[in-house]
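Structure first, then comments.
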Amino acid sequence: MDDAHAPLAAARVAYDDPGLHERDLAPAPLEQLQRWYDEVSAGGAVAEPNAVVLATVDADGLPDARTVLLKGLAARGLALYTHHTSAKGRQLAATPAAALVLPWHPVQRQVRLRGPVERLPDAEVEAYFASRPWGSRIGAHASAQSEEAAGREQLEEAWARAAARWPEDGSGGAVPVPPSWGGYRVRPVEVEFWVGRASRLHDRLVYLPTAPVTAAGPPALDDAAAWRVVRRQP
Ligand SMILES: Cc1cc2nc3c(=O)[nH]c(=O)nc-3n(C[C@H](O)[C@H](O)[C@H](O)COP(=O)(O)O)c2cc1C
C-alpha cells in the first residue's frame with residue numbers, strides 16, 4: 001500500500017442492487033441490451049449512457065482504450081463511428097477485434113462485450129453522417145484524428161477552411177463524408193451483464209454462443225436459440 005494515494009485506497013461504494021436473476025434475463029442478448037439501455041437512459045442518472053469504452057490492441061500487442069459513442073444496437077452488432085486513419089482505426093485494420101465496456105457506475109451496472117469487428121457499409125455511414133449536426137460534420141473534415149497537431153490554431157484554421165468550403169446555409173453543397181471517416185460494427189461473442197451487490201457478491205450473467213463460432217461470425221444477437229447464459233463468479 002506504499003504507493004496508494006490515501007483517498008483512492010479508501011474510496012469504495014457499498015453496492016446494494018437487489019440483483020439480476022437468470023429468470024429475469026431476456027431470451028437473447030439484444031433485447032437485454034435494449035432493456036438495460038432504455039432503463040438507464042430513462043433513469044437520468046448516467047449522463048451519456050451510450051458512451052462506451054472501446055479497447056483495441058496495437059501491432060505490438062499493447063492494448064489501447066478510449067471512449068466513443070455507441071450509435072447503433074442491432075441483431076448484427078453494435079455500431080460506432082470514427083476515423084479509419086485514427087490510432088484505433090489503424091489498430092482495427094491490423095487486428096479486427098475489440099472489447100467494449102458500458103460503465104454505468106451511478107446505477108451499479110456494467111455491460112462488457114467482445115468480438116470481431118467489421119467496417120460498416122458506406123450507405124449506413126452516409127446516412128449516419130448526414131444526421132450529424134453541421135458543426136460535427138465540419139469537425140470530421142478538420143481533424144486528422146490521432147496525428148500530432150502543431151497547436152490549437154492549426155485545428156481552428158482547418159475547421160474554418162472546411163466551414164468556408166461547405167457553409168451552414170448549404171450554398172457549398174452537402175458536407176460529404178470525409179474519405180478517412182466511417183464506422184465499425186462490433187459483433188460480440190460474449191455479452192456480460194454485471195450488477196453490483198452487497199459484500200462484493202456481484203451478479204455476472206454472460207451470454208455465450210451455444211455453438212462454436214464459425215467463419216460466418218458470431219450469431220445474431222436476437223437469436224435466442226444461438227445463445228446460452230452462464231453465471232460467473234464475481
Ligand atoms: C464521451 C466521449 C465520447 C466520444 N465519442 C467519440 C466517437 O464517437 N468517435 C470518436 O472517434 N471519438 C470519440 N471520442 C474521442 C475518443 O475518446 C478519442 O479521443 C479519439 O477517438 C481518438 O482516439 P484514438 O487516438 O485512440 O484513435 C469521445 C470521447 C468522449 C470522452
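Chain labels A, B, ... are given in the sequence in which chains occur in the C-alpha cells; within each chain residues are numbered consecutively from 1, and ligands are likewise numbered from 1 in the order shown.
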Next item on the list: Once DSSP has gone over the backbone, tell me which residues of segment 14-210 of chain A are in alpha helix (DSSP H), as a PyMOL selection string.
Entry: chain A and resi 29-43+87-94+122-131+134-142+152-165
Surrounding residues as a PyMOL selection string, ligand 1, max 12 Å, only C-alpha atoms and all ligand atoms = chain A and resi 46-58+63-72+79-93+102-103+128-129+132+136+139-140+143-148+180-184
Q. Got a sec: who's within 10 Å of Val13 of chain A, counting only C-alpha atoms, leaving out chain neighbours fewer than 3 positions off, as a list in words?
A.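 Using only C-alpha atoms, the neighbours found are Ala10, Asp16, Gln108, Gly196 and Ala198 of chain A.
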Please extract the residues of segment 86-206 of chain A with a backbone DSSP assignment of strand (DSSP E or B) and present them as a ChimeraX atom specification.
/A:97-104,109-119,181-186,190-195,203-206
Residues of the last selection are to be written out with N, CA and C atoms, as an mmCIF file, in the first residue's frame.
data_model
loop_
_atom_site.group_PDB
_atom_site.id
_atom_site.type_symbol
_atom_site.label_atom_id
_atom_site.label_comp_id
_atom_site.auth_asym_id
_atom_site.auth_seq_id
_atom_site.Cartn_x
_atom_site.Cartn_y
_atom_site.Cartn_z
ATOM 1 N N ALA A 97 -10.730 -6.790 -34.028
ATOM 2 C CA ALA A 97 -11.432 -7.316 -32.853
ATOM 3 C C ALA A 97 -11.366 -6.256 -31.764
ATOM 4 N N ALA A 98 -12.363 -6.260 -30.895
ATOM 5 C CA ALA A 98 -12.409 -5.216 -29.866
ATOM 6 C C ALA A 98 -13.181 -5.698 -28.660
ATOM 7 N N ALA A 99 -12.997 -4.951 -27.578
ATOM 8 C CA ALA A 99 -13.825 -5.138 -26.387
ATOM 9 C C ALA A 99 -14.509 -3.812 -26.099
ATOM 10 N N LEU A 100 -15.710 -3.883 -25.581
ATOM 11 C CA LEU A 100 -16.484 -2.689 -25.225
ATOM 12 C C LEU A 100 -16.913 -2.797 -23.766
ATOM 13 N N VAL A 101 -16.885 -1.659 -23.076
ATOM 14 C CA VAL A 101 -17.410 -1.609 -21.709
ATOM 15 C C VAL A 101 -18.364 -0.431 -21.609
ATOM 16 N N LEU A 102 -19.572 -0.688 -21.133
ATOM 17 C CA LEU A 102 -20.520 0.387 -20.811
ATOM 18 C C LEU A 102 -20.484 0.548 -19.297
ATOM 19 N N PRO A 103 -19.815 1.594 -18.793
ATOM 20 C CA PRO A 103 -19.593 1.709 -17.349
ATOM 21 C C PRO A 103 -20.681 2.568 -16.695
ATOM 22 N N TRP A 104 -21.768 1.959 -16.341
ATOM 23 C CA TRP A 104 -22.892 2.729 -15.796
ATOM 24 C C TRP A 104 -22.809 2.788 -14.271
ATOM 25 N N ARG A 109 -24.256 -0.730 -12.590
ATOM 26 C CA ARG A 109 -24.357 -1.719 -13.658
ATOM 27 C C ARG A 109 -23.176 -1.549 -14.608
ATOM 28 N N GLN A 110 -22.836 -2.625 -15.266
ATOM 29 C CA GLN A 110 -21.790 -2.597 -16.276
ATOM 30 C C GLN A 110 -22.141 -3.646 -17.330
ATOM 31 N N VAL A 111 -21.902 -3.305 -18.590
ATOM 32 C CA VAL A 111 -22.042 -4.300 -19.662
ATOM 33 C C VAL A 111 -20.683 -4.424 -20.335
ATOM 34 N N ARG A 112 -20.247 -5.655 -20.549
ATOM 35 C CA ARG A 112 -18.976 -5.916 -21.255
ATOM 36 C C ARG A 112 -19.265 -6.802 -22.453
ATOM 37 N N LEU A 113 -18.628 -6.465 -23.574
ATOM 38 C CA LEU A 113 -18.800 -7.256 -24.799
ATOM 39 C C LEU A 113 -17.455 -7.368 -25.489
ATOM 40 N N ARG A 114 -17.264 -8.438 -26.244
ATOM 41 C CA ARG A 114 -16.079 -8.502 -27.084
ATOM 42 C C ARG A 114 -16.297 -9.418 -28.266
ATOM 43 N N GLY A 115 -15.570 -9.125 -29.328
ATOM 44 C CA GLY A 115 -15.736 -9.949 -30.512
ATOM 45 C C GLY A 115 -15.090 -9.317 -31.718
ATOM 46 N N PRO A 116 -15.260 -9.959 -32.863
ATOM 47 C CA PRO A 116 -14.692 -9.411 -34.087
ATOM 48 C C PRO A 116 -15.386 -8.119 -34.506
ATOM 49 N N VAL A 117 -14.672 -7.341 -35.311
ATOM 50 C CA VAL A 117 -15.160 -6.033 -35.752
ATOM 51 C C VAL A 117 -15.131 -5.992 -37.268
ATOM 52 N N GLU A 118 -16.167 -5.403 -37.843
ATOM 53 C CA GLU A 118 -16.171 -5.218 -39.304
ATOM 54 C C GLU A 118 -16.517 -3.769 -39.611
ATOM 55 N N ARG A 119 -16.115 -3.319 -40.804
ATOM 56 C CA ARG A 119 -16.448 -1.944 -41.185
ATOM 57 C C ARG A 119 -17.899 -1.869 -41.607
ATOM 58 N N TRP A 181 -13.185 8.757 -42.861
ATOM 59 C CA TRP A 181 -14.146 8.626 -41.746
ATOM 60 C C TRP A 181 -15.121 7.491 -42.015
ATOM 61 N N GLY A 182 -15.557 6.823 -40.985
ATOM 62 C CA GLY A 182 -16.522 5.750 -41.209
ATOM 63 C C GLY A 182 -16.949 5.097 -39.919
ATOM 64 N N GLY A 183 -17.461 3.896 -40.031
ATOM 65 C CA GLY A 183 -17.997 3.241 -38.851
ATOM 66 C C GLY A 183 -17.580 1.795 -38.753
ATOM 67 N N TYR A 184 -17.749 1.254 -37.577
ATOM 68 C CA TYR A 184 -17.421 -0.151 -37.303
ATOM 69 C C TYR A 184 -18.596 -0.800 -36.602
ATOM 70 N N ARG A 185 -18.687 -2.108 -36.819
ATOM 71 C CA ARG A 185 -19.676 -2.892 -36.089
ATOM 72 C C ARG A 185 -18.923 -3.940 -35.274
ATOM 73 N N VAL A 186 -19.167 -3.935 -33.975
ATOM 74 C CA VAL A 186 -18.606 -4.963 -33.099
ATOM 75 C C VAL A 186 -19.635 -6.083 -33.030
ATOM 76 N N GLU A 190 -19.516 -12.588 -26.768
ATOM 77 C CA GLU A 190 -19.698 -12.665 -25.322
ATOM 78 C C GLU A 190 -20.334 -11.341 -24.879
ATOM 79 N N VAL A 191 -21.405 -11.416 -24.109
ATOM 80 C CA VAL A 191 -22.079 -10.206 -23.602
ATOM 81 C C VAL A 191 -22.355 -10.407 -22.122
ATOM 82 N N GLU A 192 -21.698 -9.595 -21.307
ATOM 83 C CA GLU A 192 -21.857 -9.766 -19.854
ATOM 84 C C GLU A 192 -22.653 -8.621 -19.239
ATOM 85 N N PHE A 193 -23.616 -8.994 -18.402
ATOM 86 C CA PHE A 193 -24.392 -8.013 -17.638
ATOM 87 C C PHE A 193 -23.976 -8.141 -16.174
ATOM 88 N N TRP A 194 -23.498 -7.040 -15.625
ATOM 89 C CA TRP A 194 -22.931 -7.035 -14.267
ATOM 90 C C TRP A 194 -23.743 -6.090 -13.397
ATOM 91 N N VAL A 195 -24.031 -6.553 -12.178
ATOM 92 C CA VAL A 195 -24.750 -5.717 -11.212
ATOM 93 C C VAL A 195 -23.984 -5.750 -9.904
ATOM 94 N N ASP A 203 -23.512 -9.883 -9.277
ATOM 95 C CA ASP A 203 -24.078 -10.780 -10.279
ATOM 96 C C ASP A 203 -23.364 -10.536 -11.607
ATOM 97 N N ARG A 204 -22.956 -11.616 -12.237
ATOM 98 C CA ARG A 204 -22.379 -11.550 -13.592
ATOM 99 C C ARG A 204 -23.063 -12.620 -14.427
ATOM 100 N N LEU A 205 -23.949 -12.195 -15.300
ATOM 101 C CA LEU A 205 -24.632 -13.146 -16.179
ATOM 102 C C LEU A 205 -24.150 -12.884 -17.598
ATOM 103 N N VAL A 206 -23.659 -13.946 -18.224
ATOM 104 C CA VAL A 206 -22.954 -13.803 -19.500
ATOM 105 C C VAL A 206 -23.637 -14.646 -20.577
#
- Given the choices A:Leu8, A:Ile138, A:Pro188, A:Pro179, which gets closest to Trp159 of chain A if the distance is worked out from only C-alpha atoms?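 For Trp159 of chain A, the nearest of the given residues is A:Ile138.
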In Å and to one decimal, atom CA of Glu156 of chain A is distant from atom CA of Gly172 of chain A by 19.5 Å
**OP:** Quote the spacing between atom CA of Val125 of chain A and atom CA of Pro176 of chain A in Å to one decimal place.
**Re:**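 The value is 10.9 Å.
Using only C-alpha atoms, the protein and nucleic acid residues lying no more than 9 Å from segment 215-230 of chain A, apart from those fewer than 2 places from it along its own chain, are A:Glu22, A:Leu25, A:Ala26, A:Pro27, A:Ala28, A:Pro29, A:Leu30, A:Glu31, A:Ala74, A:Ala75, A:Arg76, A:Gly77, A:Gly115, A:Pro116, A:Arg187, A:Pro188, A:Val189, A:Arg204, A:Leu205, A:Val206, A:Tyr207, A:Leu208, A:Pro209, A:Thr210, A:Ala211, A:Pro212, A:Val213, A:Arg232.
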Across A:Leu62, A:Trp134, A:Ser199, A:Asp3, the smallest distance to Asp169 of chain A, with only C-alpha atoms counted, is shown by A:Trp134
